[in-house]
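Undergrad: Mind having a look at this structure? Questions to follow.
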Amino acid sequence: MRLDELRALLDRHARPDWTTAIDGVHISKIDRSEPPELSMTGMVLAVIAQGTKRLALGDRIYEYGAGQYLVASVDLPVTGQFLQANPEHPALGVGLTLEPSVVAELLLQAGPGDLPRDGGGAASGIVVSDTPAELIDAMIRLVRLLDEPRDRAVLAPLVKREILWRVITGEQGATVRQLGLADSSLSHVSRAVRWIREHYAQPFKVEDVAKLSGMSVSAFYRNFHAVTAMSPIQFQKQIRLQEARLLLATHPGDVTGVSHRVGYDNLSQFSREYRRQFGLPPSQDATRLRHAPASLVP
């Protein structure tokens, strides 16, 4: 029954751009199933109230539906789609942006023995679990505040902290706790992910990025793949192709220029990898994007 209340709240407050009046809270309402699209996850906790979503990250597939939640602890390139969504039964979900500083603050406030022991090594950057009743209840109270502007500024930060605490101490808490630890394996990998995203058009040596992230080459390879399900070079290629698609949406006639801007020296290689990723050659996909509704453009 609690999930029914969350569905009703999300259905009523959903906007086309997914934003809400509460900072860091997003509501999605998808009323049709589209082909899989490449996007970035952001660092987010996402709870599904209705429908099912499937994500592909590297060689891993994640599927989560009503009454389940997903945590993305790193901003990762994924291919995703909502399954069997339609106007009569839209997919409904709510997301909360994860802030490492808030995680760190909660970890400092935790008493001895309050937190489970963490295992060694880096956890996967994406995890899925069933949503406990306490977490659903807190999410309902957070979304209810959209109807209570007088209370929102004071109570929303408190409820968001409660939600984060529920996740930190829950089944997938190890993944989130690493966000707040400056020397965790996840923090080291996140440093490398951030560098690759900011310099995606530049060639690089894995040894240099490993050194930048503060790990040996072997530890870097192991932990990077554990978090992202990709090698650093595969990760860079995903970012390049996604950036290329964004550029082609606004510069559809400049395939050669776009390929160079994202770091490809060989146009044939760019076209081949682009088609493998998105199902169409760059020029045809650019035309499709140009005539697609604005809400469908990545």
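Chain lettering (A, B, ...) mirrors the order of the structure tokens, residue numbering begins at 1 for each chain separately, and ligand numbering begins at 1 in order of display.
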Pick out each residue of segment 59-203 of chain A that DSSP on the backbone tags as strand (DSSP E or B); I need them as an MDAnalysis selection string.
TA: chainID A and resid 60:65 68:72 77:83 86 89 91:97 126:130
Undergrad: Skip Leu115 of chain A itself and residues of its chain fewer than 5 positions away, then list as a PyMOL selection string all residues within 12 Å of it, counting only C-alpha atoms.
TA: chain A and resi 106-110+165-174+176-177
Undergrad: Keeping only C-alpha atoms, write the selected residues as a PDB file, in the first residue's frame.
TA:
```
ATOM      1  CA  LEU A 106      26.996  10.985   8.334  1.00  0.00           C
ATOM      2  CA  LEU A 107      29.902   8.547   8.632  1.00  0.00           C
ATOM      3  CA  LEU A 108      31.616  10.884  11.088  1.00  0.00           C
ATOM      4  CA  GLN A 109      28.441  11.129  13.168  1.00  0.00           C
ATOM      5  CA  ALA A 110      27.943   7.352  13.304  1.00  0.00           C
ATOM      6  CA  TRP A 165      21.354   6.964   6.348  1.00  0.00           C
ATOM      7  CA  ARG A 166      18.896   4.166   5.488  1.00  0.00           C
ATOM      8  CA  VAL A 167      20.933   3.354   2.393  1.00  0.00           C
ATOM      9  CA  ILE A 168      24.316   3.677   4.147  1.00  0.00           C
ATOM     10  CA  THR A 169      23.252   1.159   6.792  1.00  0.00           C
ATOM     11  CA  GLY A 170      21.349  -1.071   4.365  1.00  0.00           C
ATOM     12  CA  GLU A 171      22.145  -3.960   2.063  1.00  0.00           C
ATOM     13  CA  GLN A 172      24.100  -1.835  -0.445  1.00  0.00           C
ATOM     14  CA  GLY A 173      25.625   0.487   2.132  1.00  0.00           C
ATOM     15  CA  ALA A 174      29.212  -0.500   1.314  1.00  0.00           C
ATOM     16  CA  VAL A 176      27.586   4.379  -0.706  1.00  0.00           C
ATOM     17  CA  ARG A 177      29.916   4.494   2.286  1.00  0.00           C
TER      18      ARG A 177
END
```
Undergrad: If you count only C-alpha atoms, which residues fall within 8 Å of segment 45-53 of chain A, apart from same-chain ones fewer than 6 positions away, as a ChimeraX atom specification?
TA: /A:3-4,6-7,63-72,80-85,89-98,131
Undergrad: Please write the residues from the selection above to a file, keeping C-alpha atoms, as a PDB file, in the first residue's frame.
TA:
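part00.pdb, written as the output of this step:
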```
ATOM      1  CA  LEU A   3       4.100   1.848  -2.853  1.00  0.00           C
ATOM      2  CA  ASP A   4       0.632   2.826  -4.121  1.00  0.00           C
ATOM      3  CA  LEU A   6       4.360   6.770  -3.741  1.00  0.00           C
ATOM      4  CA  ARG A   7       3.038   6.033  -7.241  1.00  0.00           C
ATOM      5  CA  GLU A  63      17.179  -4.759 -14.205  1.00  0.00           C
ATOM      6  CA  TYR A  64      15.097  -3.225 -11.452  1.00  0.00           C
ATOM      7  CA  GLY A  65      11.380  -2.701 -11.065  1.00  0.00           C
ATOM      8  CA  ALA A  66       8.617  -1.585  -8.718  1.00  0.00           C
ATOM      9  CA  GLY A  67       9.723  -1.748  -5.109  1.00  0.00           C
ATOM     10  CA  GLN A  68      13.437  -1.857  -5.929  1.00  0.00           C
ATOM     11  CA  TYR A  69      16.184   0.746  -5.868  1.00  0.00           C
ATOM     12  CA  LEU A  70      19.423   1.337  -7.708  1.00  0.00           C
ATOM     13  CA  VAL A  71      22.528   3.112  -6.458  1.00  0.00           C
ATOM     14  CA  ALA A  72      25.067   4.583  -8.892  1.00  0.00           C
ATOM     15  CA  GLY A  80      19.237   1.957 -20.626  1.00  0.00           C
ATOM     16  CA  GLN A  81      15.551   1.702 -21.386  1.00  0.00           C
ATOM     17  CA  PHE A  82      12.221   1.433 -19.590  1.00  0.00           C
ATOM     18  CA  LEU A  83      10.372  -1.761 -20.473  1.00  0.00           C
ATOM     19  CA  GLN A  84       6.687  -1.980 -21.446  1.00  0.00           C
ATOM     20  CA  ALA A  85       5.844   1.593 -20.469  1.00  0.00           C
ATOM     21  CA  HIS A  89       0.800   2.265 -17.124  1.00  0.00           C
ATOM     22  CA  PRO A  90       3.754   4.667 -17.186  1.00  0.00           C
ATOM     23  CA  ALA A  91       7.061   3.936 -15.512  1.00  0.00           C
ATOM     24  CA  LEU A  92       7.407   6.059 -12.359  1.00  0.00           C
ATOM     25  CA  GLY A  93      10.534   6.640 -10.330  1.00  0.00           C
ATOM     26  CA  VAL A  94      12.183   9.099  -7.974  1.00  0.00           C
ATOM     27  CA  GLY A  95      15.896   9.875  -7.803  1.00  0.00           C
ATOM     28  CA  LEU A  96      18.050  11.538  -5.166  1.00  0.00           C
ATOM     29  CA  THR A  97      21.474  12.914  -6.054  1.00  0.00           C
ATOM     30  CA  LEU A  98      24.216  11.477  -3.815  1.00  0.00           C
ATOM     31  CA  THR A 131      13.591  -1.249  -1.176  1.00  0.00           C
TER      32      THR A 131
END
```
Undergrad: Between A:Leu246, A:Val206, A:Leu267, A:Val44, which has the minimum distance to Phe224 of chain A (counting only C-alpha atoms)?
TA: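 Between A:Leu246, A:Val206, A:Leu267, A:Val44, the residue approaching Phe224 of chain A most closely is A:Val206.
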Undergrad: Which residues are near Asp208 of chain A? Cut-off 12 Å, only C-alpha atoms, ignore same chain within fewer than 5 positions. Put them as an MDAnalysis selection string.
TA: chainID A and resid 192 195:196 203 213:217 220 232
